file structure16.pdb (PDB, C-alpha atoms and all ligand atoms)
ATOM      1  CA  MET L 923     -45.640 -73.073  51.100
ATOM      2  CA  THR L 924     -44.628 -69.458  51.640
ATOM      3  CA  PHE L 925     -45.921 -66.394  49.937
ATOM      4  CA  ASP L 926     -44.158 -63.052  50.228
ATOM      5  CA  ALA L 927     -45.045 -59.581  49.045
ATOM      6  CA  THR L 928     -42.109 -57.234  49.535
ATOM      7  CA  ASP L 929     -42.101 -53.439  49.542
ATOM      8  CA  ILE L 930     -45.090 -53.018  47.208
ATOM      9  CA  HIS L 931     -45.736 -49.509  45.891
ATOM     10  CA  LYS L 932     -48.723 -48.384  43.848
ATOM     11  CA  SER L 933     -49.924 -44.962  42.718
ATOM     12  CA  TYR L 934     -53.088 -43.878  40.962
ATOM     13  CA  HIS L 935     -52.922 -40.538  39.157
ATOM     14  CA  GLY L 936     -49.923 -39.383  41.163
ATOM     15  CA  THR L 937     -51.346 -40.402  44.544
ATOM     16  CA  GLU L 938     -49.513 -43.204  46.285
ATOM     17  CA  VAL L 939     -52.105 -45.642  47.668
ATOM     18  CA  LEU L 940     -49.592 -48.372  48.666
ATOM     19  CA  LYS L 941     -46.460 -46.983  50.262
ATOM     20  CA  GLY L 942     -44.111 -49.936  50.607
ATOM     21  CA  VAL L 943     -46.210 -52.830  51.867
ATOM     22  CA  SER L 944     -44.723 -56.183  52.888
ATOM     23  CA  LEU L 945     -46.753 -59.253  53.799
ATOM     24  CA  SER L 946     -46.145 -62.973  54.172
ATOM     25  CA  VAL L 947     -48.321 -66.074  54.404
ATOM     26  CA  LYS L 948     -47.115 -69.444  55.669
ATOM     27  CA  ALA L 949     -48.523 -72.894  54.870
ATOM     28  CA  GLY L 950     -52.124 -73.214  56.033
ATOM     29  CA  GLU L 951     -52.054 -69.770  57.587
ATOM     30  CA  PHE L 952     -55.082 -67.464  57.567
ATOM     31  CA  VAL L 953     -54.092 -63.793  57.260
ATOM     32  CA  ALA L 954     -56.587 -60.957  57.560
ATOM     33  CA  LEU L 955     -56.004 -57.552  55.981
ATOM     34  CA  LEU L 956     -57.820 -55.175  58.276
ATOM     35  CA  GLY L 957     -58.142 -51.446  57.786
ATOM     36  CA  PRO L 958     -60.483 -48.540  57.139
ATOM     37  CA  SER L 959     -62.098 -47.786  53.807
ATOM     38  CA  GLY L 960     -59.585 -46.480  51.268
ATOM     39  CA  SER L 961     -56.534 -47.799  53.138
ATOM     40  CA  GLY L 962     -55.469 -49.905  50.138
ATOM     41  CA  LYS L 963     -56.687 -53.413  51.025
ATOM     42  CA  THR L 964     -58.354 -54.255  47.720
ATOM     43  CA  THR L 965     -55.503 -52.699  45.745
ATOM     44  CA  LEU L 966     -53.017 -54.948  47.556
ATOM     45  CA  LEU L 967     -55.186 -58.055  47.090
ATOM     46  CA  ASN L 968     -55.604 -57.315  43.377
ATOM     47  CA  ILE L 969     -51.843 -56.982  42.988
ATOM     48  CA  ILE L 970     -51.334 -60.308  44.778
ATOM     49  CA  ALA L 971     -53.951 -61.886  42.485
ATOM     50  CA  GLY L 972     -52.277 -60.468  39.377
ATOM     51  CA  LEU L 973     -55.321 -58.352  38.466
ATOM     52  CA  ALA L 974     -53.326 -55.129  38.960
ATOM     53  CA  HIS L 975     -49.617 -54.433  38.780
ATOM     54  CA  ALA L 976     -47.360 -52.865  41.370
ATOM     55  CA  ASP L 977     -45.188 -49.895  40.399
ATOM     56  CA  ALA L 978     -42.387 -51.321  42.526
ATOM     57  CA  GLY L 979     -41.812 -54.272  44.830
ATOM     58  CA  ALA L 980     -41.819 -58.039  44.417
ATOM     59  CA  LEU L 981     -44.072 -61.065  44.901
ATOM     60  CA  SER L 982     -42.700 -64.542  45.457
ATOM     61  CA  PHE L 983     -44.199 -67.974  45.990
ATOM     62  CA  ASP L 984     -41.960 -70.673  47.473
ATOM     63  CA  GLY L 985     -38.983 -68.555  46.506
ATOM     64  CA  GLU L 986     -40.064 -68.188  42.863
ATOM     65  CA  ASP L 987     -40.453 -64.611  41.619
ATOM     66  CA  ILE L 988     -44.067 -64.282  40.411
ATOM     67  CA  THR L 989     -44.170 -60.471  40.225
ATOM     68  CA  ARG L 990     -44.775 -60.494  36.488
ATOM     69  CA  GLN L 991     -46.605 -63.817  36.229
ATOM     70  CA  PRO L 992     -50.097 -63.469  34.676
ATOM     71  CA  ALA L 993     -53.079 -64.027  37.000
ATOM     72  CA  GLY L 994     -54.071 -67.350  35.392
ATOM     73  CA  ALA L 995     -50.611 -68.850  35.886
ATOM     74  CA  ARG L 996     -50.516 -68.075  39.618
ATOM     75  CA  HIS L 997     -53.069 -70.735  40.464
ATOM     76  CA  PHE L 998     -54.661 -68.692  43.243
ATOM     77  CA  GLY L 999     -58.333 -69.028  44.211
ATOM     78  CA  MET L1000     -60.382 -65.856  44.441
ATOM     79  CA  VAL L1001     -63.623 -64.885  46.162
ATOM     80  CA  PHE L1002     -64.775 -61.354  45.495
ATOM     81  CA  GLN L1003     -66.941 -58.971  47.439
ATOM     82  CA  ASN L1004     -70.113 -59.688  45.453
ATOM     83  CA  TYR L1005     -69.223 -63.400  44.906
ATOM     84  CA  ALA L1006     -70.589 -63.142  41.374
ATOM     85  CA  LEU L1007     -71.615 -66.619  40.278
ATOM     86  CA  PHE L1008     -72.391 -67.367  36.636
ATOM     87  CA  ARG L1009     -76.134 -66.864  36.385
ATOM     88  CA  HIS L1010     -76.641 -69.232  33.464
ATOM     89  CA  MET L1011     -74.788 -72.112  35.160
ATOM     90  CA  ASN L1012     -76.165 -74.284  37.925
ATOM     91  CA  VAL L1013     -74.343 -74.847  41.217
ATOM     92  CA  ALA L1014     -72.352 -77.869  40.029
ATOM     93  CA  GLN L1015     -71.350 -76.111  36.803
ATOM     94  CA  ASN L1016     -70.260 -73.028  38.709
ATOM     95  CA  ILE L1017     -68.050 -75.099  40.992
ATOM     96  CA  GLY L1018     -66.505 -77.029  38.100
ATOM     97  CA  PHE L1019     -65.949 -73.975  35.898
ATOM     98  CA  GLY L1020     -62.324 -73.296  36.877
ATOM     99  CA  LEU L1021     -61.395 -76.904  36.152
ATOM    100  CA  LYS L1022     -63.178 -77.012  32.791
ATOM    101  CA  VAL L1023     -61.353 -73.934  31.494
ATOM    102  CA  MET L1024     -57.875 -75.125  32.502
ATOM    103  CA  ASP L1025     -55.512 -75.618  29.606
ATOM    104  CA  ARG L1026     -55.383 -79.193  28.335
ATOM    105  CA  ARG L1027     -52.109 -80.007  30.047
ATOM    106  CA  HIS L1028     -53.530 -79.323  33.513
ATOM    107  CA  ARG L1029     -57.229 -80.107  33.069
ATOM    108  CA  PRO L1030     -58.363 -83.257  34.887
ATOM    109  CA  PRO L1031     -60.462 -85.799  32.927
ATOM    110  CA  ALA L1032     -64.251 -85.238  32.979
ATOM    111  CA  ALA L1033     -64.841 -88.050  35.508
ATOM    112  CA  GLU L1034     -62.280 -86.534  37.885
ATOM    113  CA  ILE L1035     -63.941 -83.100  37.542
ATOM    114  CA  ARG L1036     -67.319 -84.656  38.428
ATOM    115  CA  ARG L1037     -65.767 -86.420  41.408
ATOM    116  CA  ARG L1038     -64.152 -83.235  42.679
ATOM    117  CA  VAL L1039     -67.356 -81.197  42.255
ATOM    118  CA  ALA L1040     -69.283 -83.857  44.206
ATOM    119  CA  GLU L1041     -66.667 -83.767  46.968
ATOM    120  CA  LEU L1042     -66.890 -79.965  47.230
ATOM    121  CA  LEU L1043     -70.700 -80.084  47.258
ATOM    122  CA  GLU L1044     -70.419 -82.400  50.267
ATOM    123  CA  MET L1045     -67.900 -80.103  51.886
ATOM    124  CA  ILE L1046     -70.225 -77.070  51.625
ATOM    125  CA  GLU L1047     -73.163 -79.268  52.597
ATOM    126  CA  LEU L1048     -75.211 -78.442  49.520
ATOM    127  CA  PRO L1049     -75.219 -81.671  47.477
ATOM    128  CA  HIS L1050     -79.010 -81.486  47.212
ATOM    129  CA  LEU L1051     -78.777 -78.113  45.431
ATOM    130  CA  ALA L1052     -76.332 -79.125  42.668
ATOM    131  CA  ALA L1053     -78.861 -78.469  39.903
ATOM    132  CA  ARG L1054     -80.126 -75.120  41.235
ATOM    133  CA  PHE L1055     -79.243 -71.832  39.595
ATOM    134  CA  PRO L1056     -77.729 -68.935  41.583
ATOM    135  CA  ALA L1057     -80.996 -66.957  41.521
ATOM    136  CA  GLN L1058     -82.632 -69.835  43.417
ATOM    137  CA  LEU L1059     -80.159 -69.725  46.319
ATOM    138  CA  SER L1060     -79.938 -67.689  49.511
ATOM    139  CA  GLY L1061     -77.046 -65.264  49.969
ATOM    140  CA  GLY L1062     -75.270 -67.602  52.359
ATOM    141  CA  GLN L1063     -75.657 -70.539  49.986
ATOM    142  CA  ARG L1064     -74.259 -68.467  47.114
ATOM    143  CA  GLN L1065     -71.312 -67.519  49.258
ATOM    144  CA  ARG L1066     -70.554 -71.164  49.991
ATOM    145  CA  VAL L1067     -70.772 -72.003  46.276
ATOM    146  CA  ALA L1068     -68.323 -69.157  45.563
ATOM    147  CA  MET L1069     -65.932 -70.630  48.145
ATOM    148  CA  ALA L1070     -66.242 -74.095  46.610
ATOM    149  CA  ARG L1071     -65.606 -72.640  43.166
ATOM    150  CA  ALA L1072     -62.441 -70.941  44.399
ATOM    151  CA  LEU L1073     -61.220 -74.158  46.070
ATOM    152  CA  ALA L1074     -62.045 -76.431  43.111
ATOM    153  CA  ILE L1075     -58.815 -75.711  41.290
ATOM    154  CA  ARG L1076     -56.870 -76.644  44.456
ATOM    155  CA  PRO L1077     -55.379 -73.165  44.658
ATOM    156  CA  ARG L1078     -51.923 -72.504  46.081
ATOM    157  CA  LEU L1079     -53.350 -69.508  47.927
ATOM    158  CA  LEU L1080     -56.921 -68.403  48.638
ATOM    159  CA  LEU L1081     -57.717 -64.684  48.265
ATOM    160  CA  MET L1082     -60.979 -63.222  49.580
ATOM    161  CA  ASP L1083     -62.154 -59.622  49.429
ATOM    162  CA  GLU L1084     -64.854 -58.947  52.035
ATOM    163  CA  PRO L1085     -66.521 -62.271  51.280
ATOM    164  CA  PHE L1086     -69.314 -61.737  53.804
ATOM    165  CA  SER L1087     -70.100 -58.083  53.220
ATOM    166  CA  ALA L1088     -73.405 -58.701  51.474
ATOM    167  CA  LEU L1089     -74.747 -60.874  54.293
ATOM    168  CA  ASP L1090     -76.597 -60.032  57.466
ATOM    169  CA  ALA L1091     -74.851 -60.393  60.818
ATOM    170  CA  GLN L1092     -76.291 -63.762  61.730
ATOM    171  CA  VAL L1093     -75.421 -65.451  58.455
ATOM    172  CA  ARG L1094     -71.960 -63.853  58.537
ATOM    173  CA  GLU L1095     -71.163 -65.467  61.841
ATOM    174  CA  SER L1096     -72.274 -68.939  60.900
ATOM    175  CA  LEU L1097     -70.416 -68.728  57.589
ATOM    176  CA  ARG L1098     -67.179 -67.595  59.218
ATOM    177  CA  ASP L1099     -66.774 -70.964  60.858
ATOM    178  CA  SER L1100     -67.506 -72.907  57.703
ATOM    179  CA  VAL L1101     -65.037 -70.811  55.699
ATOM    180  CA  ARG L1102     -62.335 -71.439  58.275
ATOM    181  CA  GLU L1103     -63.120 -75.127  58.238
ATOM    182  CA  LEU L1104     -63.088 -75.311  54.439
ATOM    183  CA  GLN L1105     -59.739 -73.509  54.354
ATOM    184  CA  ARG L1106     -58.283 -75.819  57.031
ATOM    185  CA  LYS L1107     -59.535 -78.937  55.280
ATOM    186  CA  ALA L1108     -58.028 -77.729  52.015
ATOM    187  CA  GLY L1109     -54.799 -76.943  53.921
ATOM    188  CA  VAL L1110     -54.309 -73.804  51.881
ATOM    189  CA  GLY L1111     -52.953 -70.400  52.937
ATOM    190  CA  ALA L1112     -55.491 -67.570  52.819
ATOM    191  CA  ILE L1113     -55.629 -63.788  52.745
ATOM    192  CA  MET L1114     -58.958 -62.193  53.569
ATOM    193  CA  VAL L1115     -59.713 -58.483  53.283
ATOM    194  CA  THR L1116     -62.102 -57.098  55.851
ATOM    195  CA  HIS L1117     -62.892 -53.849  57.578
ATOM    196  CA  ASP L1118     -64.679 -55.776  60.326
ATOM    197  CA  ARG L1119     -62.296 -56.252  63.263
ATOM    198  CA  ALA L1120     -64.445 -58.895  64.964
ATOM    199  CA  GLU L1121     -64.303 -60.918  61.774
ATOM    200  CA  ALA L1122     -60.518 -60.590  61.581
ATOM    201  CA  TRP L1123     -60.306 -61.674  65.218
ATOM    202  CA  ALA L1124     -62.535 -64.681  64.744
ATOM    203  CA  LEU L1125     -60.706 -66.008  61.706
ATOM    204  CA  ALA L1126     -57.109 -64.938  61.436
ATOM    205  CA  ASP L1127     -53.847 -66.468  62.625
ATOM    206  CA  ARG L1128     -52.229 -63.113  61.905
ATOM    207  CA  ILE L1129     -53.731 -59.723  61.160
ATOM    208  CA  ALA L1130     -52.094 -57.082  58.961
ATOM    209  CA  VAL L1131     -53.460 -53.716  60.059
ATOM    210  CA  MET L1132     -53.521 -51.276  57.144
ATOM    211  CA  ASP L1133     -53.771 -47.531  57.345
ATOM    212  CA  HIS L1134     -53.241 -44.982  54.573
ATOM    213  CA  GLY L1135     -51.368 -47.361  52.278
ATOM    214  CA  ARG L1136     -49.116 -48.883  54.942
ATOM    215  CA  ILE L1137     -49.195 -51.998  57.096
ATOM    216  CA  VAL L1138     -48.802 -50.449  60.513
ATOM    217  CA  GLN L1139     -48.647 -53.775  62.372
ATOM    218  CA  PHE L1140     -48.631 -57.436  61.333
ATOM    219  CA  ASP L1141     -49.076 -59.728  64.304
ATOM    220  CA  THR L1142     -51.220 -62.377  65.942
ATOM    221  CA  PRO L1143     -54.522 -61.155  67.426
ATOM    222  CA  HIS L1144     -53.033 -61.828  70.864
ATOM    223  CA  THR L1145     -50.001 -59.573  70.284
ATOM    224  CA  LEU L1146     -52.087 -56.863  68.628
ATOM    225  CA  ARG L1147     -54.196 -56.647  71.735
ATOM    226  CA  ARG L1148     -51.296 -56.811  74.208
ATOM    227  CA  GLN L1149     -48.809 -54.673  72.320
ATOM    228  CA  PRO L1150     -50.457 -52.367  69.819
ATOM    229  CA  ALA L1151     -47.716 -50.581  67.854
ATOM    230  CA  SER L1152     -49.505 -47.226  67.884
ATOM    231  CA  GLU L1153     -52.541 -45.344  69.131
ATOM    232  CA  ALA L1154     -54.205 -46.000  65.776
ATOM    233  CA  VAL L1155     -53.815 -49.750  66.232
ATOM    234  CA  ARG L1156     -54.919 -49.527  69.841
ATOM    235  CA  TYR L1157     -58.059 -47.720  68.685
ATOM    236  CA  LEU L1158     -58.697 -50.271  65.976
ATOM    237  CA  VAL L1159     -58.450 -53.259  68.307
ATOM    238  CA  GLN L1160     -60.364 -51.645  71.167
ATOM    239  CA  GLY L1161     -63.480 -53.423  72.203
ATOM    240  CA  VAL L1162     -62.523 -56.709  70.607
ATOM    241  CA  ALA L1163     -62.826 -59.686  72.913
TER     242      ALA L1163
HETATM  243  N1  LIG M   1     -58.503 -47.969  39.716
HETATM  244  C1  LIG M   1     -58.310 -46.916  40.534
HETATM  245  N2  LIG M   1     -58.083 -45.686  40.059
HETATM  246  C2  LIG M   1     -57.858 -44.643  40.879
HETATM  247  N3  LIG M   1     -57.833 -44.729  42.216
HETATM  248  C3  LIG M   1     -58.053 -45.939  42.770
HETATM  249  C4  LIG M   1     -58.308 -47.092  41.964
HETATM  250  N4  LIG M   1     -58.490 -48.143  42.789
HETATM  251  C5  LIG M   1     -58.366 -47.666  44.039
HETATM  252  N5  LIG M   1     -58.101 -46.340  44.030
HETATM  253  C6  LIG M   1     -57.879 -45.502  45.227
HETATM  254  O1  LIG M   1     -56.880 -46.127  46.010
HETATM  255  C7  LIG M   1     -57.188 -46.019  47.396
HETATM  256  C8  LIG M   1     -57.252 -47.393  48.015
HETATM  257  O2  LIG M   1     -58.384 -48.081  47.479
HETATM  258  P1  LIG M   1     -58.759 -49.578  47.859
HETATM  259  O3  LIG M   1     -59.883 -49.973  47.011
HETATM  260  O4  LIG M   1     -57.536 -50.408  47.816
HETATM  261  O5  LIG M   1     -59.216 -49.389  49.384
HETATM  262  P2  LIG M   1     -59.855 -50.433  50.400
HETATM  263  O6  LIG M   1     -58.984 -50.451  51.591
HETATM  264  O7  LIG M   1     -60.114 -51.711  49.717
HETATM  265  O8  LIG M   1     -61.235 -49.715  50.801
HETATM  266  P3  LIG M   1     -62.716 -50.346  51.085
HETATM  267  O9  LIG M   1     -62.679 -50.867  52.498
HETATM  268  O10 LIG M   1     -63.610 -49.159  50.956
HETATM  269  O11 LIG M   1     -63.002 -51.399  50.066
HETATM  270  C9  LIG M   1     -58.506 -45.237  47.488
HETATM  271  O12 LIG M   1     -58.195 -43.901  47.758
HETATM  272  C10 LIG M   1     -59.091 -45.400  46.102
HETATM  273  O13 LIG M   1     -59.862 -44.281  45.767
HETATM  274 MG    MG M   2     -61.874 -52.790  49.191
END
call {"tool": "encode", "arguments": {"input": "structure16.pdb", "output": "structure tokens"}}
result
Amino acid sequence: MTFDATDIHKSYHGTEVLKGVSLSVKAGEFVALLGPSGSGKTTLLNIIAGLAHADAGALSFDGEDITRQPAGARHFGMVFQNYALFRHMNVAQNIGFGLKVMDRRHRPPAAEIRRRVAELLEMIELPHLAARFPAQLSGGQRQRVAMARALAIRPRLLLMDEPFSALDAQVRESLRDSVRELQRKAGVGAIMVTHDRAEAWALADRIAVMDHGRIVQFDTPHTLRRQPASEAVRYLVQGVA
């Protein structure tokens, strides 16, 4: 599996917010998009997801051009900042939702959907809460359900926009590890947006440092620390273990 975004440009009302961004993800790789507020992280993730369109540039998956492919056809899993679960569905129904709404050609039989939901409930260690509704869960539990929901469709790529931002520091740290483990178990490539450098450090194989609509360095945490490409990067990685 390889995903490539090449020379992506995007403007809003005449202001260029992505100025030629290129990014790649290899099989099983965890990539963090790290940068200050307004640097273009969410815009880039939305373009990768197919929720927004680039003005110029290309997206490809395993060599296939997906630049103009609709979001639903990309088969990517998404976890958003507020991990909005469906309030009127219980945990199991939330996790199975993406499978139930697949078109008939791709939708697994009902028994297979039940089996997969049960497997994911085990994976997030919440099988005892299958019948609970989102309002009856803690923030961390909701976040794990959102992860399971994104993984249920067996996505080709997992996209997460600040998935821990609504959680307090302690819960964030314990969830980091379980997210990494879930992603590894699923063997899927991932892109996670964060403005928290410690989080990027703890999770990512490679970190794309964004600043003012550009990726100013895309390297392993080790290389970023040893050979920051600029003062801005040096500043950003300062103080990280
Ligand atoms: N739909 C939109 N219309 C107009 N401007 C937008 C739109 N979406 C984003 N922008 C602008 O594009 C720039 C990049 O926004 P983006 O949301 O990608 O930043 P970000 O890096 O995700 O920031 P944050 O860390 O605060 O979430 C910002 O200046 C923002 O105001
Ligand atoms: Mg954002």
call {"tool": "resolve_selection", "arguments": {"input": "structure16.pdb", "expression": "the PyMOL selection byres (((not hetatm)) within 6 of (chain M and resi 1))", "output": "list in words"}}
result
Tyr934, Val939, Pro958, Ser959, Gly960, Ser961, Gly962, Lys963, Thr964, Thr965 and His1117 of chain L
call {"tool": "atom_distance", "arguments": {"input": "structure16.pdb", "atom1": "CA of Thr924 in chain L", "atom2": "CA of Asp984 in chain L"}}
result
5.1 Å
call {"tool": "closest_residue", "arguments": {"input": "structure16.pdb", "among": "L:Gly1135, L:Gly936, L:Gly979, L:Gly972", "to": "Leu1081 in chain L", "atoms": "all atoms listed in the file"}}
result
L:Gly972
call {"tool": "residues_around", "arguments": {"input": "structure16.pdb", "residues": "range 1033-1050 of chain L", "least_positions_apart": "5", "cutoff": "8 Å", "atoms": "all atoms listed in the file", "output": "VMD selection string"}}
result
chain L and resid 1014 1017 to 1018 1021 to 1022 1063 1066 to 1067 1070 1074 1100 1104
call {"tool": "closest_residue", "arguments": {"input": "structure16.pdb", "among": "L:Gln1139, L:Gln1003, L:Val1159, L:Gln1015", "to": "Ala1088 in chain L", "atoms": "all atoms listed in the file"}}
result
L:Gln1003
call {"tool": "residues_near_point", "arguments": {"input": "structure16.pdb", "point": "(-53.8, -47.8, 58.9)", "cutoff": "8 Å", "atoms": "only C-alpha atoms", "output": "NGL selection string"}}
result
:L and (957-958 or 961 or 1131-1138 or 1154-1155)
call {"tool": "closest_residue", "arguments": {"input": "structure16.pdb", "among": "L:Glu1084, L:Glu1103, L:Glu986, L:Asp1090", "to": "Arg1119 in chain L", "atoms": "all atoms listed in the file"}}
result
L:Glu1084
call {"tool": "axis_aligned_box", "arguments": {"input": "structure16.pdb", "around": "range 1010-1028 of chain L", "padding_each_side": "8 Å", "output": "AutoDock Vina command-line options"}}
result
--center_x -64.4 --center_y -74.6 --center_z 34.8 --size_x 40.5 --size_y 26.8 --size_z 28.9
call {"tool": "resolve_selection", "arguments": {"input": "structure16.pdb", "expression": "the PyMOL selection byres (((chain L and resi 996) around 9) and not hetatm)", "output": "NGL selection string"}}
result
:L and (971-972 or 983 or 988 or 991-995 or 997-998 or 1077-1079)
call {"tool": "resolve_selection", "arguments": {"input": "structure16.pdb", "expression": "the PyMOL selection byres (((chain L and resi 1001) around 12) and not hetatm)", "output": "ChimeraX atom specification"}}
result
/L:964,967-968,971,998-1000,1002-1007,1064-1073,1077,1079-1087,1101,1112-1115
call {"tool": "atom_distance", "arguments": {"input": "structure16.pdb", "atom1": "CA of Gln1058 in chain L", "atom2": "CA of Ile1075 in chain L"}}
result
24.6 Å
call {"tool": "atom_distance", "arguments": {"input": "structure16.pdb", "atom1": "CA of Thr928 in chain L", "atom2": "CA of Ala1126 in chain L"}}
result
20.6 Å
call {"tool": "decode", "arguments": {"input": "structure16.pdb", "residues": "range 1034-1052 of chain L", "atoms": "N, CA, C and O atoms", "output": "PDB file, in the first residue's frame"}}
result
ATOM      1  N   GLU L1034     -21.963 -11.649   9.253  1.00  0.00           N
ATOM      2  CA  GLU L1034     -20.560 -11.222   9.169  1.00  0.00           C
ATOM      3  C   GLU L1034     -20.404  -9.834   9.816  1.00  0.00           C
ATOM      4  O   GLU L1034     -19.410  -9.566  10.507  1.00  0.00           O
ATOM      5  N   ILE L1035     -21.390  -8.952   9.626  1.00  0.00           N
ATOM      6  CA  ILE L1035     -21.344  -7.638  10.266  1.00  0.00           C
ATOM      7  C   ILE L1035     -21.338  -7.802  11.783  1.00  0.00           C
ATOM      8  O   ILE L1035     -20.531  -7.205  12.485  1.00  0.00           O
ATOM      9  N   ARG L1036     -22.219  -8.680  12.296  1.00  0.00           N
ATOM     10  CA  ARG L1036     -22.276  -8.918  13.746  1.00  0.00           C
ATOM     11  C   ARG L1036     -20.947  -9.454  14.259  1.00  0.00           C
ATOM     12  O   ARG L1036     -20.446  -9.044  15.295  1.00  0.00           O
ATOM     13  N   ARG L1037     -20.349 -10.366  13.488  1.00  0.00           N
ATOM     14  CA  ARG L1037     -19.081 -10.958  13.894  1.00  0.00           C
ATOM     15  C   ARG L1037     -17.979  -9.886  13.950  1.00  0.00           C
ATOM     16  O   ARG L1037     -17.196  -9.810  14.883  1.00  0.00           O
ATOM     17  N   ARG L1038     -17.976  -9.024  12.946  1.00  0.00           N
ATOM     18  CA  ARG L1038     -16.934  -8.000  12.889  1.00  0.00           C
ATOM     19  C   ARG L1038     -17.097  -6.957  13.994  1.00  0.00           C
ATOM     20  O   ARG L1038     -16.127  -6.494  14.584  1.00  0.00           O
ATOM     21  N   VAL L1039     -18.371  -6.610  14.298  1.00  0.00           N
ATOM     22  CA  VAL L1039     -18.630  -5.658  15.387  1.00  0.00           C
ATOM     23  C   VAL L1039     -18.165  -6.259  16.715  1.00  0.00           C
ATOM     24  O   VAL L1039     -17.509  -5.588  17.519  1.00  0.00           O
ATOM     25  N   ALA L1040     -18.445  -7.557  16.911  1.00  0.00           N
ATOM     26  CA  ALA L1040     -18.043  -8.219  18.158  1.00  0.00           C
ATOM     27  C   ALA L1040     -16.522  -8.216  18.288  1.00  0.00           C
ATOM     28  O   ALA L1040     -15.967  -7.969  19.367  1.00  0.00           O
ATOM     29  N   GLU L1041     -15.847  -8.476  17.181  1.00  0.00           N
ATOM     30  CA  GLU L1041     -14.381  -8.503  17.159  1.00  0.00           C
ATOM     31  C   GLU L1041     -13.802  -7.132  17.523  1.00  0.00           C
ATOM     32  O   GLU L1041     -12.864  -7.017  18.310  1.00  0.00           O
ATOM     33  N   LEU L1042     -14.410  -6.079  16.968  1.00  0.00           N
ATOM     34  CA  LEU L1042     -13.929  -4.714  17.257  1.00  0.00           C
ATOM     35  C   LEU L1042     -14.218  -4.319  18.698  1.00  0.00           C
ATOM     36  O   LEU L1042     -13.422  -3.644  19.338  1.00  0.00           O
ATOM     37  N   LEU L1043     -15.371  -4.765  19.216  1.00  0.00           N
ATOM     38  CA  LEU L1043     -15.696  -4.483  20.627  1.00  0.00           C
ATOM     39  C   LEU L1043     -14.653  -5.108  21.543  1.00  0.00           C
ATOM     40  O   LEU L1043     -14.247  -4.510  22.542  1.00  0.00           O
ATOM     41  N   GLU L1044     -14.187  -6.311  21.183  1.00  0.00           N
ATOM     42  CA  GLU L1044     -13.116  -6.958  21.938  1.00  0.00           C
ATOM     43  C   GLU L1044     -11.834  -6.134  21.838  1.00  0.00           C
ATOM     44  O   GLU L1044     -11.143  -5.910  22.820  1.00  0.00           O
ATOM     45  N   MET L1045     -11.553  -5.707  20.624  1.00  0.00           N
ATOM     46  CA  MET L1045     -10.317  -4.983  20.354  1.00  0.00           C
ATOM     47  C   MET L1045     -10.242  -3.686  21.167  1.00  0.00           C
ATOM     48  O   MET L1045      -9.185  -3.320  21.663  1.00  0.00           O
ATOM     49  N   ILE L1046     -11.377  -2.984  21.315  1.00  0.00           N
ATOM     50  CA  ILE L1046     -11.373  -1.739  22.097  1.00  0.00           C
ATOM     51  C   ILE L1046     -11.720  -1.995  23.566  1.00  0.00           C
ATOM     52  O   ILE L1046     -11.870  -1.066  24.354  1.00  0.00           O
ATOM     53  N   GLU L1047     -11.842  -3.275  23.890  1.00  0.00           N
ATOM     54  CA  GLU L1047     -12.080  -3.703  25.269  1.00  0.00           C
ATOM     55  C   GLU L1047     -13.345  -3.114  25.883  1.00  0.00           C
ATOM     56  O   GLU L1047     -13.380  -2.735  27.049  1.00  0.00           O
ATOM     57  N   LEU L1048     -14.398  -3.044  25.056  1.00  0.00           N
ATOM     58  CA  LEU L1048     -15.673  -2.544  25.566  1.00  0.00           C
ATOM     59  C   LEU L1048     -16.842  -3.476  25.242  1.00  0.00           C
ATOM     60  O   LEU L1048     -17.957  -2.999  25.058  1.00  0.00           O
ATOM     61  N   PRO L1049     -16.629  -4.792  25.185  1.00  0.00           N
ATOM     62  CA  PRO L1049     -17.752  -5.657  24.796  1.00  0.00           C
ATOM     63  C   PRO L1049     -18.940  -5.552  25.748  1.00  0.00           C
ATOM     64  O   PRO L1049     -20.085  -5.722  25.336  1.00  0.00           O
ATOM     65  N   HIS L1050     -18.668  -5.195  27.002  1.00  0.00           N
ATOM     66  CA  HIS L1050     -19.741  -5.111  27.993  1.00  0.00           C
ATOM     67  C   HIS L1050     -20.598  -3.847  27.800  1.00  0.00           C
ATOM     68  O   HIS L1050     -21.642  -3.702  28.421  1.00  0.00           O
ATOM     69  N   LEU L1051     -20.158  -2.932  26.930  1.00  0.00           N
ATOM     70  CA  LEU L1051     -20.910  -1.692  26.749  1.00  0.00           C
ATOM     71  C   LEU L1051     -21.621  -1.619  25.388  1.00  0.00           C
ATOM     72  O   LEU L1051     -22.070  -0.553  24.976  1.00  0.00           O
ATOM     73  N   ALA L1052     -21.733  -2.765  24.715  1.00  0.00           N
ATOM     74  CA  ALA L1052     -22.285  -2.791  23.352  1.00  0.00           C
ATOM     75  C   ALA L1052     -23.654  -2.128  23.240  1.00  0.00           C
ATOM     76  O   ALA L1052     -23.976  -1.498  22.236  1.00  0.00           O
TER      77      ALA L1052
END
